[in-house]
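To keep things clear, I will list the structure first and then write my remarks on it.
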Amino acid sequence: MSKKVLATIPMFSLRCERALKLLREKGYDIIEYKGETVMTPEEIKKVGGDICGAIVGCERWSEELFDACPNLKVLARFGVGVDCIDLEAAKRHGVKVCNAKGMNCDAVGEATILFALASLRNLVELSNTTKQGGWIRYTGNTLRGKTYGLVGFGAIAKYVATLLQSFQPGRIIAYDVYQDWESAEKLGVEFVDFGTLLRESDVISLHIPATKDTAELFGKREFELMKKTAVFINVARGTIVNEQALYQALCDKEIAAAALDVFAVEPVDEENPLLKLDNFICMPHQAADTHETFEAVAYFDAEAIIDVMDGVEPRNWLNQ
């Protein structure tokens, strides 16, 4: 059996030294993606013929790719969301799929708060105009005393709630189909229905997976229900939001501001109208990208690949 592992993460050897060392110590050769964005199916096919495992990012793994990688036994997702992987196709091909659930909570949680503060204080526009010689005045808002709404109450949302304690919000409310009452009580979080969260939140952040049930969960009606002073944050998946509806809501002042780490199409089209708005800020799907998270997630993924190849059941095996 081949002992070659594909890493589709840009600059893997520079960002993930511990994982690279572990795999090499176990006798694996690493094939590294040399690009800067997302590895294409054609690029994967060129090297996939004899790989046994892969540490993968946001590229789409379909039946076609699994056919092109006949020796593949395990995909270890460099993150949490696996909407880019056809889990059933992987199962048919005997490929175990794992994710690094819980490993990026601190990075994404901090980025969520970063987005909230930057939006409430109009940080990006103030920085840009000051650099251009301006000296504009803007009266922002604090998090203290506000109602913060969490859509989803998994590991990342719980860490956001932990961070929020220092800001002394008026309330932290959450909507989730699966309600962890014990954690909510510890963190001072109140579960509410979806409509209540939309109507009463000053800041809303998304922490749910992309599924058929969450596709365009936020559209015209949802933005109309929100406060006109509300800040909307998506650090989950782009397909959860109807971007045209968000654009219109921002233009019509249905909500005050929005911040996205993720887009429906990635990399984002430079003609996307959201990018032209002053009350919109964004990142290129990098909320989880810190040196600490890269090292932790990559090491977890390397362990998952080694476990599968050693005949050990891996942690976070998703397509059993």
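All residue names refer to the structure tokens as shown: chains lettered A, B, ... in order, residues numbered from 1 in each chain, ligands numbered from 1 in order.
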
> What lies within 6 Å of segment 73-89 of chain A using only C-alpha atoms, ignoring chain neighbours under 3 positions off, as a ChimeraX atom specification?
Replying inline: /A:52-57,60-63,92,95-101,301,319

I'd like the contact shell of Lys158 of chain A - 9 Å cut-off, only C-alpha atoms, skipping same-chain residues fewer than 2 positions apart - returned as a compact mmCIF listing (two decimals) with all heavy atoms, in the first residue's frame.
# COMPACT_ATOMS: atom_id res chain seq x y z
N CYS A 105 -12.16 26.42 17.61
CA CYS A 105 -13.13 27.25 18.34
C CYS A 105 -12.56 28.60 18.74
O CYS A 105 -13.22 29.63 18.61
CB CYS A 105 -13.61 26.53 19.59
SG CYS A 105 -14.57 25.06 19.26
N GLY A 109 -14.03 31.90 17.19
CA GLY A 109 -14.72 32.68 18.22
C GLY A 109 -14.16 34.09 18.32
O GLY A 109 -14.91 35.07 18.38
N LEU A 150 -27.07 34.10 18.98
CA LEU A 150 -26.27 33.02 18.40
C LEU A 150 -27.18 32.08 17.62
O LEU A 150 -28.10 31.49 18.21
CB LEU A 150 -25.55 32.24 19.49
CG LEU A 150 -24.55 33.01 20.35
CD1 LEU A 150 -24.26 32.22 21.64
CD2 LEU A 150 -23.26 33.26 19.58
N PHE A 153 -25.65 26.53 18.55
CA PHE A 153 -25.03 26.56 19.87
C PHE A 153 -24.09 25.36 20.03
O PHE A 153 -24.14 24.62 21.00
CB PHE A 153 -26.11 26.58 20.97
CG PHE A 153 -25.58 26.95 22.34
CD1 PHE A 153 -24.98 28.17 22.55
CD2 PHE A 153 -25.70 26.06 23.40
CE1 PHE A 153 -24.49 28.52 23.80
CE2 PHE A 153 -25.23 26.40 24.66
CZ PHE A 153 -24.62 27.63 24.86
N GLY A 154 -23.21 25.23 19.04
CA GLY A 154 -22.17 24.20 19.10
C GLY A 154 -20.93 24.74 19.77
O GLY A 154 -20.96 25.75 20.50
N ALA A 155 -19.80 24.10 19.51
CA ALA A 155 -18.56 24.44 20.20
C ALA A 155 -18.11 25.89 19.97
O ALA A 155 -17.69 26.58 20.89
CB ALA A 155 -17.46 23.47 19.77
N ILE A 156 -18.20 26.36 18.72
CA ILE A 156 -17.75 27.72 18.42
C ILE A 156 -18.66 28.74 19.08
O ILE A 156 -18.21 29.70 19.70
CB ILE A 156 -17.67 27.95 16.90
CG1 ILE A 156 -16.55 27.09 16.30
CG2 ILE A 156 -17.43 29.43 16.59
CD1 ILE A 156 -16.51 27.10 14.79
N VAL A 160 -17.85 31.73 21.75
CA VAL A 160 -18.25 33.13 21.58
C VAL A 160 -18.98 33.61 22.83
O VAL A 160 -18.73 34.71 23.34
CB VAL A 160 -19.15 33.30 20.33
CG1 VAL A 160 -19.74 34.71 20.27
CG2 VAL A 160 -18.35 33.01 19.07
N ALA A 161 -19.88 32.78 23.36
CA ALA A 161 -20.61 33.14 24.57
C ALA A 161 -19.67 33.32 25.75
O ALA A 161 -19.86 34.22 26.58
CB ALA A 161 -21.65 32.06 24.89
N THR A 162 -18.62 32.49 25.81
CA THR A 162 -17.62 32.64 26.86
C THR A 162 -16.90 33.98 26.76
O THR A 162 -16.73 34.70 27.75
CB THR A 162 -16.59 31.49 26.78
OG1 THR A 162 -17.26 30.24 26.92
CG2 THR A 162 -15.54 31.63 27.86
N LEU A 163 -16.49 34.34 25.55
CA LEU A 163 -15.80 35.61 25.33
C LEU A 163 -16.70 36.80 25.64
O LEU A 163 -16.24 37.83 26.14
CB LEU A 163 -15.29 35.69 23.89
CG LEU A 163 -14.23 34.67 23.47
CD1 LEU A 163 -13.91 34.83 21.98
CD2 LEU A 163 -12.95 34.84 24.28
N SER A 183 -24.88 23.56 29.23
CA SER A 183 -23.90 24.57 28.82
C SER A 183 -24.53 25.96 28.79
O SER A 183 -23.90 26.95 29.15
CB SER A 183 -23.33 24.24 27.44
OG SER A 183 -22.59 23.04 27.48
N ALA A 184 -25.77 26.03 28.33
CA ALA A 184 -26.46 27.32 28.27
C ALA A 184 -26.58 27.95 29.65
O ALA A 184 -26.35 29.15 29.83
CB ALA A 184 -27.84 27.15 27.64
N LEU A 187 -23.26 29.34 30.85
CA LEU A 187 -22.80 30.51 30.10
C LEU A 187 -23.80 31.66 30.11
O LEU A 187 -23.55 32.69 29.49
CB LEU A 187 -22.50 30.10 28.65
CG LEU A 187 -21.31 29.16 28.47
CD1 LEU A 187 -21.28 28.58 27.06
CD2 LEU A 187 -20.00 29.90 28.76

>> I want to know what sits within 10 Å of segment 131-142 of chain A, based on only C-alpha atoms, with residues of the same chain fewer than 4 positions away left out; could you give that as a PyMOL selection string?
In response: chain A and resi 116-123+125-127+146+167+169+229

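For segment 215-264 of chain A, a DSSP pass over the backbone yields helix (DSSP H, G or I) at Lys220, Arg221, Glu222, Phe223, Glu224, Leu225, Gly238, Thr239, Ile240, Glu243, Gln244, Ala245, Leu246, Tyr247, Gln248, Ala249, Leu250 and Cys251 of chain A.
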
Selection from above, N, CA, C and O atoms, as a PDB file, in the first residue's frame, can you write it?
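Full text of part22.pdb as output:
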ATOM      1  N   LYS A 220     -34.757  37.596   2.461  1.00  0.00           N
ATOM      2  CA  LYS A 220     -35.442  38.884   2.556  1.00  0.00           C
ATOM      3  C   LYS A 220     -36.289  38.995   3.822  1.00  0.00           C
ATOM      4  O   LYS A 220     -36.194  39.991   4.557  1.00  0.00           O
ATOM      5  N   ARG A 221     -37.105  37.993   4.092  1.00  0.00           N
ATOM      6  CA  ARG A 221     -38.002  38.044   5.253  1.00  0.00           C
ATOM      7  C   ARG A 221     -37.217  38.144   6.556  1.00  0.00           C
ATOM      8  O   ARG A 221     -37.578  38.917   7.455  1.00  0.00           O
ATOM      9  N   GLU A 222     -36.162  37.361   6.680  1.00  0.00           N
ATOM     10  CA  GLU A 222     -35.384  37.334   7.919  1.00  0.00           C
ATOM     11  C   GLU A 222     -34.712  38.677   8.185  1.00  0.00           C
ATOM     12  O   GLU A 222     -34.709  39.172   9.323  1.00  0.00           O
ATOM     13  N   PHE A 223     -34.161  39.305   7.139  1.00  0.00           N
ATOM     14  CA  PHE A 223     -33.524  40.603   7.333  1.00  0.00           C
ATOM     15  C   PHE A 223     -34.556  41.682   7.668  1.00  0.00           C
ATOM     16  O   PHE A 223     -34.270  42.605   8.443  1.00  0.00           O
ATOM     17  N   GLU A 224     -35.743  41.563   7.114  1.00  0.00           N
ATOM     18  CA  GLU A 224     -36.800  42.528   7.430  1.00  0.00           C
ATOM     19  C   GLU A 224     -37.244  42.424   8.882  1.00  0.00           C
ATOM     20  O   GLU A 224     -37.655  43.423   9.492  1.00  0.00           O
ATOM     21  N   LEU A 225     -37.148  41.229   9.463  1.00  0.00           N
ATOM     22  CA  LEU A 225     -37.542  41.045  10.856  1.00  0.00           C
ATOM     23  C   LEU A 225     -36.505  41.584  11.844  1.00  0.00           C
ATOM     24  O   LEU A 225     -36.829  41.853  12.999  1.00  0.00           O
ATOM     25  N   GLY A 238     -21.312  30.102   3.434  1.00  0.00           N
ATOM     26  CA  GLY A 238     -21.924  31.117   2.589  1.00  0.00           C
ATOM     27  C   GLY A 238     -23.308  30.777   2.101  1.00  0.00           C
ATOM     28  O   GLY A 238     -24.149  31.668   1.913  1.00  0.00           O
ATOM     29  N   THR A 239     -23.592  29.503   1.883  1.00  0.00           N
ATOM     30  CA  THR A 239     -24.883  29.109   1.317  1.00  0.00           C
ATOM     31  C   THR A 239     -26.043  29.294   2.289  1.00  0.00           C
ATOM     32  O   THR A 239     -27.199  29.184   1.892  1.00  0.00           O
ATOM     33  N   ILE A 240     -25.750  29.589   3.545  1.00  0.00           N
ATOM     34  CA  ILE A 240     -26.810  29.812   4.535  1.00  0.00           C
ATOM     35  C   ILE A 240     -27.504  31.156   4.296  1.00  0.00           C
ATOM     36  O   ILE A 240     -28.629  31.378   4.730  1.00  0.00           O
ATOM     37  N   GLU A 243     -27.287  36.099  -0.636  1.00  0.00           N
ATOM     38  CA  GLU A 243     -26.453  37.292  -0.692  1.00  0.00           C
ATOM     39  C   GLU A 243     -27.157  38.478  -1.346  1.00  0.00           C
ATOM     40  O   GLU A 243     -26.911  39.633  -0.980  1.00  0.00           O
ATOM     41  N   GLN A 244     -28.020  38.228  -2.302  1.00  0.00           N
ATOM     42  CA  GLN A 244     -28.764  39.318  -2.921  1.00  0.00           C
ATOM     43  C   GLN A 244     -29.687  39.970  -1.904  1.00  0.00           C
ATOM     44  O   GLN A 244     -29.816  41.202  -1.847  1.00  0.00           O
ATOM     45  N   ALA A 245     -30.330  39.140  -1.083  1.00  0.00           N
ATOM     46  CA  ALA A 245     -31.215  39.677  -0.045  1.00  0.00           C
ATOM     47  C   ALA A 245     -30.418  40.466   0.992  1.00  0.00           C
ATOM     48  O   ALA A 245     -30.866  41.513   1.475  1.00  0.00           O
ATOM     49  N   LEU A 246     -29.227  39.973   1.340  1.00  0.00           N
ATOM     50  CA  LEU A 246     -28.368  40.703   2.287  1.00  0.00           C
ATOM     51  C   LEU A 246     -27.937  42.038   1.695  1.00  0.00           C
ATOM     52  O   LEU A 246     -27.980  43.071   2.377  1.00  0.00           O
ATOM     53  N   TYR A 247     -27.558  42.029   0.425  1.00  0.00           N
ATOM     54  CA  TYR A 247     -27.154  43.275  -0.251  1.00  0.00           C
ATOM     55  C   TYR A 247     -28.292  44.292  -0.212  1.00  0.00           C
ATOM     56  O   TYR A 247     -28.084  45.461   0.119  1.00  0.00           O
ATOM     57  N   GLN A 248     -29.494  43.841  -0.529  1.00  0.00           N
ATOM     58  CA  GLN A 248     -30.633  44.759  -0.545  1.00  0.00           C
ATOM     59  C   GLN A 248     -30.943  45.277   0.850  1.00  0.00           C
ATOM     60  O   GLN A 248     -31.272  46.460   1.039  1.00  0.00           O
ATOM     61  N   ALA A 249     -30.816  44.399   1.848  1.00  0.00           N
ATOM     62  CA  ALA A 249     -31.082  44.805   3.227  1.00  0.00           C
ATOM     63  C   ALA A 249     -30.090  45.870   3.689  1.00  0.00           C
ATOM     64  O   ALA A 249     -30.455  46.819   4.398  1.00  0.00           O
ATOM     65  N   LEU A 250     -28.839  45.749   3.261  1.00  0.00           N
ATOM     66  CA  LEU A 250     -27.826  46.736   3.622  1.00  0.00           C
ATOM     67  C   LEU A 250     -28.055  48.055   2.877  1.00  0.00           C
ATOM     68  O   LEU A 250     -27.906  49.138   3.446  1.00  0.00           O
ATOM     69  N   CYS A 251     -28.425  47.951   1.619  1.00  0.00           N
ATOM     70  CA  CYS A 251     -28.702  49.161   0.830  1.00  0.00           C
ATOM     71  C   CYS A 251     -29.916  49.913   1.361  1.00  0.00           C
ATOM     72  O   CYS A 251     -29.924  51.154   1.405  1.00  0.00           O
TER      73      CYS A 251
END

I want to know what sits within 9 Å of Leu164 of chain A, based on only C-alpha atoms, with residues of the same chain fewer than 6 positions away left out; could you give that as an mmCIF file with all heavy atoms, in the first residue's frame?
data_model
loop_
_atom_site.group_PDB
_atom_site.id
_atom_site.type_symbol
_atom_site.label_atom_id
_atom_site.label_comp_id
_atom_site.auth_asym_id
_atom_site.auth_seq_id
_atom_site.Cartn_x
_atom_site.Cartn_y
_atom_site.Cartn_z
ATOM 1 N N ILE A 113 -15.991 37.889 17.401
ATOM 2 C CA ILE A 113 -15.991 39.103 18.235
ATOM 3 C C ILE A 113 -15.295 40.254 17.506
ATOM 4 O O ILE A 113 -15.737 41.411 17.582
ATOM 5 C CB ILE A 113 -15.308 38.830 19.585
ATOM 6 C CG1 ILE A 113 -16.052 37.726 20.350
ATOM 7 C CG2 ILE A 113 -15.244 40.098 20.416
ATOM 8 C CD1 ILE A 113 -17.481 38.057 20.720
ATOM 9 N N LEU A 143 -20.734 46.734 22.856
ATOM 10 C CA LEU A 143 -21.391 45.442 23.070
ATOM 11 C C LEU A 143 -22.080 45.397 24.435
ATOM 12 O O LEU A 143 -23.047 44.663 24.618
ATOM 13 C CB LEU A 143 -20.362 44.306 22.991
ATOM 14 C CG LEU A 143 -20.100 43.674 21.621
ATOM 15 C CD1 LEU A 143 -19.000 42.635 21.720
ATOM 16 C CD2 LEU A 143 -21.360 43.047 21.061
ATOM 17 N N TYR A 148 -27.185 39.755 22.278
ATOM 18 C CA TYR A 148 -26.380 39.058 21.276
ATOM 19 C C TYR A 148 -27.071 37.740 20.936
ATOM 20 O O TYR A 148 -27.367 36.939 21.811
ATOM 21 C CB TYR A 148 -24.971 38.794 21.810
ATOM 22 C CG TYR A 148 -23.987 38.414 20.731
ATOM 23 C CD1 TYR A 148 -23.014 39.300 20.298
ATOM 24 C CD2 TYR A 148 -24.048 37.162 20.126
ATOM 25 C CE1 TYR A 148 -22.133 38.943 19.282
ATOM 26 C CE2 TYR A 148 -23.174 36.811 19.120
ATOM 27 C CZ TYR A 148 -22.216 37.703 18.705
ATOM 28 O OH TYR A 148 -21.343 37.358 17.709
ATOM 29 N N ILE A 172 -27.613 37.118 26.224
ATOM 30 C CA ILE A 172 -27.113 36.272 25.157
ATOM 31 C C ILE A 172 -28.207 35.253 24.886
ATOM 32 O O ILE A 172 -28.601 34.494 25.777
ATOM 33 C CB ILE A 172 -25.810 35.539 25.538
ATOM 34 C CG1 ILE A 172 -24.736 36.526 25.997
ATOM 35 C CG2 ILE A 172 -25.302 34.723 24.337
ATOM 36 C CD1 ILE A 172 -23.473 35.848 26.505
#

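For segment 132-217 of chain A, the set of residues given strand (DSSP E or B) by DSSP on the backbone reads Thr147, Tyr148, Gly149, Leu150, Val151, Arg171, Ile172, Ile173, Ala174, Tyr175, Val189, Glu190, Phe191, Val203, Ile204, Ser205 and Leu206 of chain A.
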
> Hey, which of A:Asp193, A:Asp29, A:Asp310, A:Asp252 ends up closest to Val151 of chain A? Count only C-alpha atoms.
Replying inline: A:Asp193

>> Can you measure atom CA of Gln179 of chain A to atom CA of Gly149 of chain A for me? One decimal in Å is fine.
In response: 14.5 Å

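Counting only C-alpha atoms and comparing A:Asn272, A:Ser13, A:Asn104, A:Leu23, the residue that lies closest to Ala304 of chain A is A:Leu23.
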
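With only C-alpha atoms as the basis for measurement, A:Glu17 is the residue among A:Glu25, A:Glu17, A:Asp50, A:Glu59 that approaches Glu292 of chain A most closely.
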
>> Ranking A:Arg171, A:Lys4, A:Lys91, A:Lys34 by minimum distance to Val189 of chain A and counting only C-alpha atoms, which one comes first?
In response: A:Arg171

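Residues in contact with segment 204-206 of chain A at 8 Å, where only C-alpha atoms are counted and same-chain residues fewer than 5 positions away are skipped, are listed as Thr112, Tyr148, Gly149, Leu150, Val151, Gly152, Leu198, Ala230, Val231, Phe232, Ile233, Asn234, Val235 and Ala236 of chain A.
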
Create the file for the chosen residues now, containing C-alpha atoms and written as a PDB file, in the first residue's frame.
ATOM      1  CA  THR A 112     -16.553  36.579  15.451  1.00  0.00           C
ATOM      2  CA  TYR A 148     -26.380  39.058  21.276  1.00  0.00           C
ATOM      3  CA  GLY A 149     -27.986  36.309  19.192  1.00  0.00           C
ATOM      4  CA  LEU A 150     -26.267  33.024  18.403  1.00  0.00           C
ATOM      5  CA  VAL A 151     -27.693  30.969  15.536  1.00  0.00           C
ATOM      6  CA  GLY A 152     -26.446  27.533  16.510  1.00  0.00           C
ATOM      7  CA  LEU A 198     -34.251  37.838  14.749  1.00  0.00           C
ATOM      8  CA  ALA A 230     -28.581  45.144  13.929  1.00  0.00           C
ATOM      9  CA  VAL A 231     -25.187  43.759  12.911  1.00  0.00           C
ATOM     10  CA  PHE A 232     -25.186  40.465  10.997  1.00  0.00           C
ATOM     11  CA  ILE A 233     -22.159  38.138  11.042  1.00  0.00           C
ATOM     12  CA  ASN A 234     -21.599  34.888   9.125  1.00  0.00           C
ATOM     13  CA  VAL A 235     -18.583  32.767  10.053  1.00  0.00           C
ATOM     14  CA  ALA A 236     -20.343  29.503   9.149  1.00  0.00           C
TER      15      ALA A 236
END

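The residue set within 10 Å of Glu303 of chain A, counting only C-alpha atoms and dropping same-chain residues fewer than 3 places from it, reads Ala19, Leu22, Leu23, Ala76, Val297, Ala298, Tyr299, Phe300, Ile306, Asp307, Val308, Met309, Pro314 and Arg315 of chain A.
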